[in-house]
Amino acid sequence: MASLKDLRNRIASVKATQKITKAMQMVAAAKLRRAQSAAEAARPYAERMEAVLANLAGGVAPGAQGPALLSGNGKDQTHLLVVCTAERGLCGAFNSSIVRLAREHIYRLQQQGKTVKIICVGKKGYDQLRRQFDALIVETVDLRGVRQLAFGDADAIGRKIIGMFEAGQFDVATLFFSRFKSVISQIPTAQQLIPAQVAGAASGGAAATSYDYEPEEGEILSQLLPRNISVQVFRALLENAASEQGARMSAMDNATRNAGDMIRKQTLTYNRTRQAMITKELIEIISGAEAL
């Protein structure tokens, strides 16, 4: 049975941990507002970019050879997976859910006899994937030194992806990230970047409108498609940033509540132990007095 000193040390330790988790929760809540605003502001631009690309792709003359970023290179053997996760932990299942989705995708491709290559954006995804797929990781992107995400950070990743595609290092590229829905809900998402999937956007709305473009659609597509990759990567990074802070806020809130429960249980045990010791001492004193 633990002594009173041990119980006091445990209670003090849990209280100190509770203060840390509470502070982290408040910091995550403050960061979440800014990250959520950035993610929501990027969505209309990315969606509109997809709509314009869908309209342009629909205007390409039948039988004409479109840009490789849109139509692909005609092969489906080598797949590049761009897995975006956080640089830090203590955010619940945020990182592991993205890695789980990527891992399932890797297993499915390997069962089909495909070649898989991985680019890890974020330390936590790299730490998890290298345990099983270290030989498949061709590049890691470290954003720990970036205090606030900018389009230039995503553009560097997008240019790297395009450079690898133009060098013939892969045939299909898929982006993995977590889409922010709410503080308690983040949705792991897989989005194909190359060949660009824009057919669904042309089913209705503004994308279904007919426009006359000058210069020709193919020439505009050759300029917009590379930028679209950087835009989608930037959107994924912003969605990840908001999802990470939301997940951390929820995780730290749960940790703070659990610490409070532990403190109450330990305090109850401490009081009972102290009372038992006092009772025992009184019994010994009374027994000694009666013996005299």
# chains A, B, ... in the order shown; residues from 1 in each chain; ligands from 1
$ residues_around --residues "stretch 33-50 of chain A" --least-positions-apart "2" --cutoff "7 Å" --atoms "only C-alpha atoms" --output "PyMOL selection string"
chain A and resi 29-31+52-54+198+201+228+231-232+235+238-239+241-242
$ select_by_dssp --residues "stretch 38-89 of chain A" --states "alpha helix (DSSP H)" --output "PyMOL selection string"
chain A and resi 38-59+68-71
$ residues_around --residues "A:Asn254" --least-positions-apart "3" --cutoff "10 Å" --atoms "only C-alpha atoms" --output "VMD selection string"
chain A and resid 21 to 22 25 92 248 to 251 257 to 260
$ residues_around --residues "A:Tyr126" --least-positions-apart "6" --cutoff "9 Å" --atoms "only C-alpha atoms" --output "JSON, numbers by chain"
{"A": [83, 85, 119, 120, 134, 137, 140]}
$ write_last_selection --atoms "C-alpha atoms" --output "compact mmCIF listing (two decimals), in the first residue's frame"
# COMPACT_ATOMS: atom_id res chain seq x y z
CA VAL A 83 1.33 11.98 -47.30
CA THR A 85 0.82 15.00 -41.56
CA ILE A 119 6.83 11.71 -50.22
CA CYS A 120 6.31 12.49 -46.53
CA ASP A 134 11.32 2.92 -45.39
CA ILE A 137 10.14 6.85 -49.10
CA THR A 140 10.74 14.06 -46.84
$ closest_residue --among "A:Val172, A:Ile220, A:Val141, A:Val121" --to "A:Asn240" --atoms "only C-alpha atoms"
A:Val121
$ residues_around --residues "A:Val146" --least-positions-apart "4" --cutoff "12 Å" --atoms "only C-alpha atoms" --output "list in words"
Ala86, Glu87, Gly122, Val141, Asp142, Ala150, Phe151, Gly152, Asp153, Ala154, Leu237 and Ala241 of chain A
$ write_last_selection --atoms "C-alpha atoms" --output "mmCIF file, in the first residue's frame"
data_model
loop_
_atom_site.group_PDB
_atom_site.id
_atom_site.type_symbol
_atom_site.label_atom_id
_atom_site.label_comp_id
_atom_site.auth_asym_id
_atom_site.auth_seq_id
_atom_site.Cartn_x
_atom_site.Cartn_y
_atom_site.Cartn_z
ATOM 1 C CA ALA A 86 1.796 17.194 -38.603
ATOM 2 C CA GLU A 87 5.279 17.970 -37.347
ATOM 3 C CA GLY A 122 5.569 16.207 -41.843
ATOM 4 C CA VAL A 141 9.622 17.665 -46.435
ATOM 5 C CA ASP A 142 10.294 19.286 -43.069
ATOM 6 C CA ALA A 150 2.430 30.403 -47.176
ATOM 7 C CA PHE A 151 1.722 29.510 -50.780
ATOM 8 C CA GLY A 152 5.463 29.375 -51.437
ATOM 9 C CA ASP A 153 5.784 26.357 -49.132
ATOM 10 C CA ALA A 154 3.154 24.460 -51.108
ATOM 11 C CA LEU A 237 -1.667 21.939 -45.819
ATOM 12 C CA ALA A 241 -3.201 22.802 -39.947
#
$ decode --residues "stretch 136-150 of chain A" --atoms "N, CA and C atoms" --output "PDB file, in the first residue's frame"
ATOM      1  N   LEU A 136      10.426   2.698 -49.544  1.00  0.00           N
ATOM      2  CA  LEU A 136       9.550   3.348 -50.523  1.00  0.00           C
ATOM      3  C   LEU A 136       9.593   4.868 -50.418  1.00  0.00           C
ATOM      4  N   ILE A 137      10.127   5.398 -49.313  1.00  0.00           N
ATOM      5  CA  ILE A 137      10.141   6.849 -49.097  1.00  0.00           C
ATOM      6  C   ILE A 137      11.281   7.468 -49.905  1.00  0.00           C
ATOM      7  N   VAL A 138      10.929   8.332 -50.832  1.00  0.00           N
ATOM      8  CA  VAL A 138      11.926   8.946 -51.715  1.00  0.00           C
ATOM      9  C   VAL A 138      12.249  10.383 -51.316  1.00  0.00           C
ATOM     10  N   GLU A 139      11.389  10.985 -50.493  1.00  0.00           N
ATOM     11  CA  GLU A 139      11.605  12.395 -50.138  1.00  0.00           C
ATOM     12  C   GLU A 139      10.843  12.701 -48.856  1.00  0.00           C
ATOM     13  N   THR A 140      11.430  13.559 -48.032  1.00  0.00           N
ATOM     14  CA  THR A 140      10.742  14.063 -46.840  1.00  0.00           C
ATOM     15  C   THR A 140      10.801  15.586 -46.856  1.00  0.00           C
ATOM     16  N   VAL A 141       9.709  16.210 -46.480  1.00  0.00           N
ATOM     17  CA  VAL A 141       9.622  17.665 -46.435  1.00  0.00           C
ATOM     18  C   VAL A 141       9.416  18.076 -44.983  1.00  0.00           C
ATOM     19  N   ASP A 142      10.332  18.853 -44.460  1.00  0.00           N
ATOM     20  CA  ASP A 142      10.294  19.286 -43.069  1.00  0.00           C
ATOM     21  C   ASP A 142       9.797  20.734 -43.000  1.00  0.00           C
ATOM     22  N   LEU A 143       8.656  20.928 -42.338  1.00  0.00           N
ATOM     23  CA  LEU A 143       8.069  22.263 -42.207  1.00  0.00           C
ATOM     24  C   LEU A 143       8.104  22.753 -40.761  1.00  0.00           C
ATOM     25  N   ARG A 144       8.973  22.160 -39.935  1.00  0.00           N
ATOM     26  CA  ARG A 144       9.026  22.571 -38.531  1.00  0.00           C
ATOM     27  C   ARG A 144       9.481  24.021 -38.371  1.00  0.00           C
ATOM     28  N   GLY A 145      10.273  24.504 -39.304  1.00  0.00           N
ATOM     29  CA  GLY A 145      10.753  25.879 -39.204  1.00  0.00           C
ATOM     30  C   GLY A 145       9.782  26.908 -39.735  1.00  0.00           C
ATOM     31  N   VAL A 146       8.651  26.461 -40.295  1.00  0.00           N
ATOM     32  CA  VAL A 146       7.658  27.373 -40.870  1.00  0.00           C
ATOM     33  C   VAL A 146       6.654  27.751 -39.789  1.00  0.00           C
ATOM     34  N   ARG A 147       6.636  29.016 -39.415  1.00  0.00           N
ATOM     35  CA  ARG A 147       5.724  29.463 -38.363  1.00  0.00           C
ATOM     36  C   ARG A 147       4.309  29.683 -38.902  1.00  0.00           C
ATOM     37  N   GLN A 148       4.210  30.173 -40.138  1.00  0.00           N
ATOM     38  CA  GLN A 148       2.900  30.382 -40.759  1.00  0.00           C
ATOM     39  C   GLN A 148       2.979  29.938 -42.210  1.00  0.00           C
ATOM     40  N   LEU A 149       2.101  29.006 -42.578  1.00  0.00           N
ATOM     41  CA  LEU A 149       2.124  28.453 -43.928  1.00  0.00           C
ATOM     42  C   LEU A 149       1.842  29.527 -44.970  1.00  0.00           C
ATOM     43  N   ALA A 150       2.621  29.488 -46.056  1.00  0.00           N
ATOM     44  CA  ALA A 150       2.430  30.403 -47.176  1.00  0.00           C
ATOM     45  C   ALA A 150       2.349  29.586 -48.463  1.00  0.00           C
TER      46      ALA A 150
END
